[in-house]
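What follows is a short report on a single structure.
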Number of protein chains: 2
Amino acid sequence: MSVESSADRAGMGALPPGSTVGILGGGQLGRMMAIAAASYGLKTHIFAPDADSPAFEVAGKHTVAGYEDEAALVAFAAAVDVVTYEFENIPAESVDLLRRHVPLFPDHKALATTQDRLLEKRFVAALGIPTAPFRDIASRQDLVTALADLGAPAILKTRRFGYDGKGQVKIEVGADLDAALAAIGHAPAILEGFVPFVREVSVVGARDQAGAFAAYDVCENVHRHHILDITTVPSALSAEQTAEAIAAAKAIADALSYVGVLAVEMFVLEGGDSPIVVNEIAPRVHNSGHWTIEGAITSQFAQHIRAVCGWPLGSTRRNGQVEMRNLIGDDVEAWADIVAQPGLHLHLYGKASARPGRKMGHVTRVLPE
Amino acid sequence: MSVESSADRAGMGALPPGSTVGILGGGQLGRMMAIAAASYGLKTHIFAPDADSPAFEVAGKHTVAGYEDEAALVAFAAAVDVVTYEFENIPAESVDLLRRHVPLFPDHKALATTQDRLLEKRFVAALGIPTAPFRDIASRQDLVTALADLGAPAILKTRRFGYDGKGQVKIEVGADLDAALAAIGHAPAILEGFVPFVREVSVVGARDQAGAFAAYDVCENVHRHHILDITTVPSALSAEQTAEAIAAAKAIADALSYVGVLAVEMFVLEGGDSPIVVNEIAPRVHNSGHWTIEGAITSQFAQHIRAVCGWPLGSTRRNGQVEMRNLIGDDVEAWADIVAQPGLHLHLYGKASARPGRKMGHVTRVLPE
């Protein structure tokens, strides 16, 4: 998993230290990107609607404005050398406006594809990569037909704006379809056939502006209440499955001419040689890659900054056997116990209130292999 | 080198995440402390006289004011929960003012002792720890007497405000003493006898508010033009010398009831079992500890923040064989070659102009052992 490297590559169109990276989004992902950028001598400018955004604390400049505020977006674009983002639900019109003024990575194609579950599934399937069976649901009749086709249980998911289990509902045999459609607000949706997976993994990888791709070792993820709970690396995948998973992520990145870090979430079916099924693409740094801060030579945040600035990728080599645990809601109250264990790495995101389900921080442990 | 740990220790008077750490000084040390504090969910407020201070870029708040600006210091003290600093030459009156309003670590005793080479040498010698032979130089006659006593070559050093070779002059046999005294501005000084050292090392360690001490492995340092060039860890010291070096640092920290990270620079004489001679104490994070960011479980910056916030110390375990190289002046122009080598960690401090002798960044390599 080493990467091709040459000084020439870094020199070609690379933004020099002292340049300003603009980041859309002021949460923990923007915050950790800003910290990584600072270590490279890059300045950051965060754009976010909330005046209390955690990322503002570690950035030299910030703009408080909505993602549809055209004047603010134009001023932001003029103040930075490149734009990236911490979340994929940026309005398409805002993306179009920004990219007329400044390079934006990952680009509008990556965003358009991953903002819409239907387009995303079709894109992955067209690459010959297995996905859950899926159908376009534009009406109640579509849902009736699709259920007859795919069988129950199945998952009804909005095409847009879903994350952490939001915007989706499971449909069991004999379920009330009107209630299910109401539960997702009658939004355009897809129906996904049930995949009897035994584990969930993700591939966090990066592609640079010269087209080089480098993945971290496959991450094995356990969710609780639809939110990532624990990531362990290495995963329990077979060598063949590992190769298949990384090849799928690379094929996706290459097909999108992707620049930056992406995460591809996958299901693993029972049986050591069962195929890997791609579930979802995140066009950004990802919670399942937080372990790379201490667990790999180059963190996913540093890697993303390298890619969007036109620098070559850093080494993705792992430093040991890693476990990352999210601190959700009042889990964060255990901070004093965590820092009292000398080998644990505590990361807190600077959020004032620990609402239930809110990602407040994470803890990483790296054991020598 | 593990540390005693208990959840109780963290809970006793520990500043919780969300607290604000005030940092005097806006250079690279303040910058890297601010980044470490942010990872723990702590806010930072930097106080520095230069509006272009590199640390401002990664801190939520900053004050641009001189270190003798009493009104600014009082307002700063009121805005933060604890004060620490990146350099030891804070005026004593400012320290006294601050500590009437807010806890300050390391404290005024550590500052008073280390701000003055004469007091520092006497303090170390009183602990029974070897130093270079030294004499108090308050007049030309003192210098004549001291030279007759210690012999030439010897080093004339100002008692205060010396760093990176500034404020010192070497006196060879037959030298012009008036010229030497003029070279240091006729400031109060000490004369140090020549120590025929074969290597220079430092011990970077930390003491927490409960009195626990933890040192990193001894750092071996090579200077160029009186500025640190390369640090390698582990050092070539014998096991006995290593134990002696760490015991000296611990004795110094304990005698000062020190809280925070300190660095003790030492000379090693020829011969595998020769004694270690203490040269200088820095009451702060130190350039020779920069390797700990990737090379140890807990970086010196994180460790310092833990100690000043009343948290227990983290593990000082080393991750491999480490080399840290400073980027001085136009060394920084090699940034693109450095990032093209996937295993190197580039750190740049965000300084606009690469003046000769200016510390612009550093590069760390960690090799598995």
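Going by the structure tokens order, chains are called A, B, ..., each with residues numbered from 1, while ligands are numbered from 1 in the order shown.
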Write out as a short mmCIF file (atom, residue, chain, number, x, y, z; two decimals) with C-alpha atoms, in the first residue's frame every residue belonging to chain B that has an atom at most 7 Å from any atom of chain A, counting only C-alpha atoms.
```cif
data_model
loop_
_atom_site.label_atom_id
_atom_site.label_comp_id
_atom_site.auth_asym_id
_atom_site.auth_seq_id
_atom_site.Cartn_x
_atom_site.Cartn_y
_atom_site.Cartn_z
CA SER B 5 -2.21 6.58 37.09
CA SER B 6 -5.61 6.76 38.70
CA ALA B 7 -8.95 8.25 37.74
CA ALA B 10 -7.55 13.32 37.03
CA GLY B 11 -10.63 14.33 38.96
CA GLY B 18 -14.00 23.28 27.47
CA ILE B 35 -2.99 22.22 18.66
CA SER B 39 -7.26 17.73 20.51
CA TYR B 40 -8.28 17.45 24.18
CA GLY B 41 -11.30 19.73 23.68
CA LEU B 42 -9.62 22.63 25.48
CA PHE B 56 -2.84 32.84 16.51
CA GLU B 57 -3.82 30.70 13.49
CA VAL B 58 -4.77 27.73 15.66
CA ALA B 59 -6.21 29.43 18.75
CA GLY B 60 -9.77 30.53 19.35
CA ILE B 297 2.52 7.84 22.68
CA PRO B 312 -2.40 12.88 34.99
CA LEU B 313 0.54 12.34 32.66
CA GLY B 314 0.24 10.24 29.51
CA SER B 315 2.57 7.47 28.44
CA ALA B 336 8.06 19.66 -1.67
CA ASP B 337 10.91 17.12 -1.62
CA VAL B 339 6.35 15.65 1.39
CA ALA B 340 7.27 13.52 -1.63
CA GLN B 341 8.90 11.02 0.76
CA PRO B 342 5.89 9.18 2.17
CA GLY B 343 7.42 8.26 5.53
CA LEU B 346 6.68 17.62 7.77
CA HIS B 347 5.84 20.29 10.33
CA LEU B 348 5.81 23.93 9.30
CA TYR B 349 5.17 26.79 11.69
CA GLY B 350 3.38 29.20 9.39
#
```
Practice task
Might you pull out every residue within 9 Å of A:Lys109, with only C-alpha atoms counted and same-chain residues fewer than 3 positions away left off, and present them as a ChimeraX atom specification?
Solution key: /A:106,112-114,256-258
Practice task
Show which residues sit within 9 Å of stretch 239-244 of chain A, as a ChimeraX atom specification. Count only C-alpha atoms, and ignore same-chain residues fewer than 6 positions away.
Solution key: /A:217-218,268,272-276
Practice task
Enumerate as number ranges by chain all residues of stretch 72-236 of chain B assigned to strand (DSSP E) by DSSP on the backbone, naming them with the chain letters and numbers the document uses.
Solution key: B: 82-85, 134-137, 154-158, 168-171, 189-193, 197-207, 213-215, 219-224, 227-233
Could those selected residues go to a file with N, CA and C atoms, as a CSV table (one decimal), in the first residue's frame?
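Contents of the output file result32.csv:
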```csv
chain,number,residue,atom,x,y,z
B,82,VAL,N,-6.1,28.9,33.2
B,82,VAL,CA,-4.8,28.6,33.7
B,82,VAL,C,-3.8,29.3,32.7
B,83,VAL,N,-2.6,29.7,33.1
B,83,VAL,CA,-1.7,30.3,32.2
B,83,VAL,C,-0.4,29.5,32.1
B,84,THR,N,0.1,29.3,30.9
B,84,THR,CA,1.4,28.7,30.8
B,84,THR,C,2.1,29.5,29.7
B,85,TYR,N,3.3,29.1,29.3
B,85,TYR,CA,4.1,30.0,28.4
B,85,TYR,C,5.0,29.1,27.6
B,134,PHE,N,31.8,27.3,37.2
B,134,PHE,CA,31.3,28.6,36.8
B,134,PHE,C,31.7,29.7,37.9
B,135,ARG,N,31.7,30.9,37.5
B,135,ARG,CA,32.0,32.0,38.4
B,135,ARG,C,31.0,33.2,38.0
B,136,ASP,N,30.7,33.9,39.1
B,136,ASP,CA,29.8,35.1,38.9
B,136,ASP,C,30.7,36.3,38.4
B,137,ILE,N,30.3,36.9,37.3
B,137,ILE,CA,31.1,38.0,36.7
B,137,ILE,C,30.3,39.3,36.7
B,154,ALA,N,37.3,29.5,27.9
B,154,ALA,CA,36.1,29.5,28.7
B,154,ALA,C,35.0,30.3,28.0
B,155,ILE,N,33.8,30.2,28.5
B,155,ILE,CA,32.7,30.9,27.8
B,155,ILE,C,32.1,31.9,28.8
B,156,LEU,N,32.0,33.1,28.3
B,156,LEU,CA,31.4,34.2,29.0
B,156,LEU,C,29.9,34.3,28.5
B,157,LYS,N,29.0,34.2,29.5
B,157,LYS,CA,27.5,34.2,29.1
B,157,LYS,C,26.8,35.2,29.9
B,158,THR,N,25.9,35.9,29.3
B,158,THR,CA,25.0,36.8,30.1
B,158,THR,C,24.2,36.0,31.0
B,168,GLN,N,26.5,35.1,24.3
B,168,GLN,CA,27.7,34.4,24.8
B,168,GLN,C,28.9,34.6,23.9
B,169,VAL,N,30.1,34.5,24.5
B,169,VAL,CA,31.3,34.6,23.7
B,169,VAL,C,32.3,33.7,24.3
B,170,LYS,N,33.1,33.1,23.4
B,170,LYS,CA,34.1,32.2,23.8
B,170,LYS,C,35.4,33.0,24.1
B,171,ILE,N,36.1,32.7,25.2
B,171,ILE,CA,37.3,33.4,25.5
B,171,ILE,C,38.5,32.5,25.4
B,189,ALA,N,27.0,38.6,34.2
B,189,ALA,CA,27.4,37.4,33.4
B,189,ALA,C,27.9,36.3,34.3
B,190,ILE,N,28.1,35.2,33.7
B,190,ILE,CA,28.9,34.1,34.4
B,190,ILE,C,30.0,33.7,33.4
B,191,LEU,N,31.1,33.2,34.0
B,191,LEU,CA,32.1,32.6,33.2
B,191,LEU,C,32.0,31.1,33.4
B,192,GLU,N,31.9,30.3,32.3
B,192,GLU,CA,31.9,28.9,32.4
B,192,GLU,C,33.2,28.3,32.0
B,193,GLY,N,33.8,27.4,32.8
B,193,GLY,CA,35.0,26.7,32.3
B,193,GLY,C,34.6,25.7,31.2
B,197,PHE,N,33.2,18.1,26.1
B,197,PHE,CA,32.2,17.1,25.9
B,197,PHE,C,32.3,16.5,24.5
B,198,VAL,N,31.8,15.3,24.4
B,198,VAL,CA,31.8,14.6,23.1
B,198,VAL,C,30.4,14.4,22.5
B,199,ARG,N,29.4,14.6,23.3
B,199,ARG,CA,28.1,14.7,22.8
B,199,ARG,C,27.2,15.5,23.7
B,200,GLU,N,26.1,16.0,23.1
B,200,GLU,CA,25.1,16.7,23.8
B,200,GLU,C,23.8,15.9,23.8
B,201,VAL,N,23.1,15.9,25.0
B,201,VAL,CA,21.9,15.2,25.1
B,201,VAL,C,20.9,16.1,25.9
B,202,SER,N,19.6,15.7,25.9
B,202,SER,CA,18.7,16.4,26.7
B,202,SER,C,17.7,15.4,27.3
B,203,VAL,N,17.2,15.7,28.4
B,203,VAL,CA,16.1,14.9,29.0
B,203,VAL,C,14.9,15.8,29.0
B,204,VAL,N,13.8,15.4,28.2
B,204,VAL,CA,12.5,16.1,28.2
B,204,VAL,C,11.6,15.2,29.1
B,205,GLY,N,11.1,15.9,30.1
B,205,GLY,CA,10.3,15.1,31.1
B,205,GLY,C,9.2,16.0,31.6
B,206,ALA,N,8.3,15.4,32.3
B,206,ALA,CA,7.1,16.2,32.8
B,206,ALA,C,6.8,15.8,34.3
B,207,ARG,N,6.3,16.8,35.0
B,207,ARG,CA,5.9,16.5,36.4
B,207,ARG,C,4.5,17.0,36.5
B,213,PHE,N,6.4,12.0,38.0
B,213,PHE,CA,7.3,12.5,37.0
B,213,PHE,C,7.4,11.4,35.9
B,214,ALA,N,7.5,11.8,34.7
B,214,ALA,CA,7.8,10.9,33.6
B,214,ALA,C,8.7,11.5,32.6
B,215,ALA,N,9.7,10.8,32.2
B,215,ALA,CA,10.6,11.4,31.2
B,215,ALA,C,10.5,10.6,29.9
B,219,CYS,N,17.3,12.3,24.6
B,219,CYS,CA,17.5,12.8,23.2
B,219,CYS,C,18.9,13.1,23.0
B,220,GLU,N,19.5,12.7,21.8
B,220,GLU,CA,20.8,13.1,21.5
B,220,GLU,C,20.8,14.2,20.4
B,221,ASN,N,21.5,15.3,20.7
B,221,ASN,CA,21.3,16.5,19.9
B,221,ASN,C,22.6,16.9,19.2
B,222,VAL,N,22.5,17.3,18.0
B,222,VAL,CA,23.6,17.9,17.2
B,222,VAL,C,23.2,19.4,16.9
B,223,HIS,N,24.1,20.3,17.2
B,223,HIS,CA,23.8,21.7,16.9
B,223,HIS,C,24.6,22.1,15.7
B,224,ARG,N,24.1,23.2,15.1
B,224,ARG,CA,24.9,23.8,13.9
B,224,ARG,C,24.7,25.3,14.1
B,227,ILE,N,22.5,26.4,16.9
B,227,ILE,CA,21.1,26.1,16.9
B,227,ILE,C,20.9,24.6,16.7
B,228,LEU,N,19.9,24.0,17.4
B,228,LEU,CA,19.6,22.6,17.3
B,228,LEU,C,19.4,22.2,15.8
B,229,ASP,N,20.1,21.2,15.4
B,229,ASP,CA,20.0,20.8,14.0
B,229,ASP,C,19.2,19.4,13.9
B,230,ILE,N,19.8,18.4,14.6
B,230,ILE,CA,19.2,17.1,14.6
B,230,ILE,C,19.1,16.5,16.0
B,231,THR,N,18.0,15.9,16.3
B,231,THR,CA,17.8,15.1,17.5
B,231,THR,C,17.6,13.6,17.1
B,232,THR,N,18.3,12.7,17.7
B,232,THR,CA,18.0,11.3,17.5
B,232,THR,C,17.7,10.6,18.8
B,233,VAL,N,16.8,9.7,18.8
B,233,VAL,CA,16.4,8.9,19.9
B,233,VAL,C,16.2,7.4,19.5
```
Practice task
Have a look at atom CA of B:Pro283 and atom CA of B:Glu265 and let me know their distance in Å, one decimal.
Solution key: 11.3 Å
Practice task
Could you tell me how far atom CA of A:Gly66 lies from atom CA of A:Ala48, in Å and to one decimal?
Solution key: 6.7 Å
Exercise for the section: Tell me, as a list in words, which residues lie within 12 Å of B:Ala72, counting only C-alpha atoms; anything in the same chain fewer than 3 positions away does not count. Expected result: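 Near neighbours after the sequence-gap exclusion: Leu24, Ile46, Phe47, Ala48, Pro49, His62, Thr63, Val64, Ala65, Gly66, Tyr67, Glu68, Asp69, Ala75, Phe76, Ala77, Ala78, Ala79, Ser94, Leu97 and Leu98 of chain B.
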Keeping only N, CA and C atoms, take the residues you just selected and write them out as a PDB file, in the first residue's frame.
```
ATOM      1  N   LEU B  24       1.333  32.353  26.985  1.00  0.00           N
ATOM      2  CA  LEU B  24       2.157  33.535  26.712  1.00  0.00           C
ATOM      3  C   LEU B  24       3.175  33.162  25.642  1.00  0.00           C
ATOM      4  N   ILE B  46      -4.052  32.957  23.129  1.00  0.00           N
ATOM      5  CA  ILE B  46      -2.617  33.263  23.011  1.00  0.00           C
ATOM      6  C   ILE B  46      -2.398  34.748  23.308  1.00  0.00           C
ATOM      7  N   PHE B  47      -1.358  35.048  24.076  1.00  0.00           N
ATOM      8  CA  PHE B  47      -0.968  36.430  24.385  1.00  0.00           C
ATOM      9  C   PHE B  47       0.422  36.646  23.794  1.00  0.00           C
ATOM     10  N   ALA B  48       0.527  37.562  22.842  1.00  0.00           N
ATOM     11  CA  ALA B  48       1.837  37.801  22.210  1.00  0.00           C
ATOM     12  C   ALA B  48       1.867  39.203  21.624  1.00  0.00           C
ATOM     13  N   PRO B  49       3.047  39.786  21.543  1.00  0.00           N
ATOM     14  CA  PRO B  49       3.139  41.177  21.076  1.00  0.00           C
ATOM     15  C   PRO B  49       3.044  41.335  19.563  1.00  0.00           C
ATOM     16  N   HIS B  62      -6.991  35.499  20.818  1.00  0.00           N
ATOM     17  CA  HIS B  62      -5.639  35.998  21.047  1.00  0.00           C
ATOM     18  C   HIS B  62      -5.664  37.453  21.468  1.00  0.00           C
ATOM     19  N   THR B  63      -4.594  37.846  22.148  1.00  0.00           N
ATOM     20  CA  THR B  63      -4.391  39.222  22.573  1.00  0.00           C
ATOM     21  C   THR B  63      -3.058  39.678  22.001  1.00  0.00           C
ATOM     22  N   VAL B  64      -3.063  40.803  21.297  1.00  0.00           N
ATOM     23  CA  VAL B  64      -1.813  41.388  20.817  1.00  0.00           C
ATOM     24  C   VAL B  64      -1.421  42.480  21.797  1.00  0.00           C
ATOM     25  N   ALA B  65      -0.407  42.225  22.604  1.00  0.00           N
ATOM     26  CA  ALA B  65       0.029  43.223  23.592  1.00  0.00           C
ATOM     27  C   ALA B  65       1.419  42.841  24.074  1.00  0.00           C
ATOM     28  N   GLY B  66       2.118  43.819  24.603  1.00  0.00           N
ATOM     29  CA  GLY B  66       3.445  43.577  25.137  1.00  0.00           C
ATOM     30  C   GLY B  66       3.382  42.831  26.463  1.00  0.00           C
ATOM     31  N   TYR B  67       4.467  42.127  26.805  1.00  0.00           N
ATOM     32  CA  TYR B  67       4.484  41.323  28.032  1.00  0.00           C
ATOM     33  C   TYR B  67       4.523  42.190  29.296  1.00  0.00           C
ATOM     34  N   GLU B  68       4.640  43.504  29.121  1.00  0.00           N
ATOM     35  CA  GLU B  68       4.620  44.388  30.290  1.00  0.00           C
ATOM     36  C   GLU B  68       3.356  45.242  30.333  1.00  0.00           C
ATOM     37  N   ASP B  69       2.395  44.923  29.494  1.00  0.00           N
ATOM     38  CA  ASP B  69       1.138  45.680  29.423  1.00  0.00           C
ATOM     39  C   ASP B  69       0.197  45.165  30.518  1.00  0.00           C
ATOM     40  N   ALA B  75      -6.653  41.493  31.875  1.00  0.00           N
ATOM     41  CA  ALA B  75      -7.799  41.046  31.075  1.00  0.00           C
ATOM     42  C   ALA B  75      -7.590  39.613  30.589  1.00  0.00           C
ATOM     43  N   PHE B  76      -6.358  39.309  30.198  1.00  0.00           N
ATOM     44  CA  PHE B  76      -6.008  37.957  29.756  1.00  0.00           C
ATOM     45  C   PHE B  76      -6.224  36.958  30.896  1.00  0.00           C
ATOM     46  N   ALA B  77      -5.726  37.303  32.078  1.00  0.00           N
ATOM     47  CA  ALA B  77      -5.870  36.407  33.234  1.00  0.00           C
ATOM     48  C   ALA B  77      -7.349  36.135  33.526  1.00  0.00           C
ATOM     49  N   ALA B  78      -8.187  37.165  33.333  1.00  0.00           N
ATOM     50  CA  ALA B  78      -9.615  36.999  33.630  1.00  0.00           C
ATOM     51  C   ALA B  78     -10.314  36.133  32.587  1.00  0.00           C
ATOM     52  N   ALA B  79      -9.714  36.005  31.400  1.00  0.00           N
ATOM     53  CA  ALA B  79     -10.358  35.290  30.292  1.00  0.00           C
ATOM     54  C   ALA B  79      -9.962  33.826  30.216  1.00  0.00           C
ATOM     55  N   SER B  94       5.426  40.853  35.531  1.00  0.00           N
ATOM     56  CA  SER B  94       4.261  40.344  34.802  1.00  0.00           C
ATOM     57  C   SER B  94       3.828  38.995  35.372  1.00  0.00           C
ATOM     58  N   LEU B  97       2.027  39.643  38.586  1.00  0.00           N
ATOM     59  CA  LEU B  97       0.689  40.162  38.316  1.00  0.00           C
ATOM     60  C   LEU B  97      -0.258  39.032  37.917  1.00  0.00           C
ATOM     61  N   LEU B  98       0.189  38.210  36.996  1.00  0.00           N
ATOM     62  CA  LEU B  98      -0.662  37.123  36.501  1.00  0.00           C
ATOM     63  C   LEU B  98      -1.046  36.163  37.621  1.00  0.00           C
TER      64      LEU B  98
END
```
Fill in the blank from the handout: Pairwise distance, atom CA of B:Glu270 with atom CA of B:Phe123, equals 25.2 Å
Problem - Shell around B:His290 at 8 Å using only C-alpha atoms, local window under 5 positions removed, as a VMD selection string - result: chain B and resid 299 to 300 324
Problem - Shell around B:Phe87 at 12 Å using only C-alpha atoms, local window under 5 positions removed, as a PyMOL selection string - result: chain B and resi 23-30+48+67+106+110-111+114-115+161-163+262+281-287
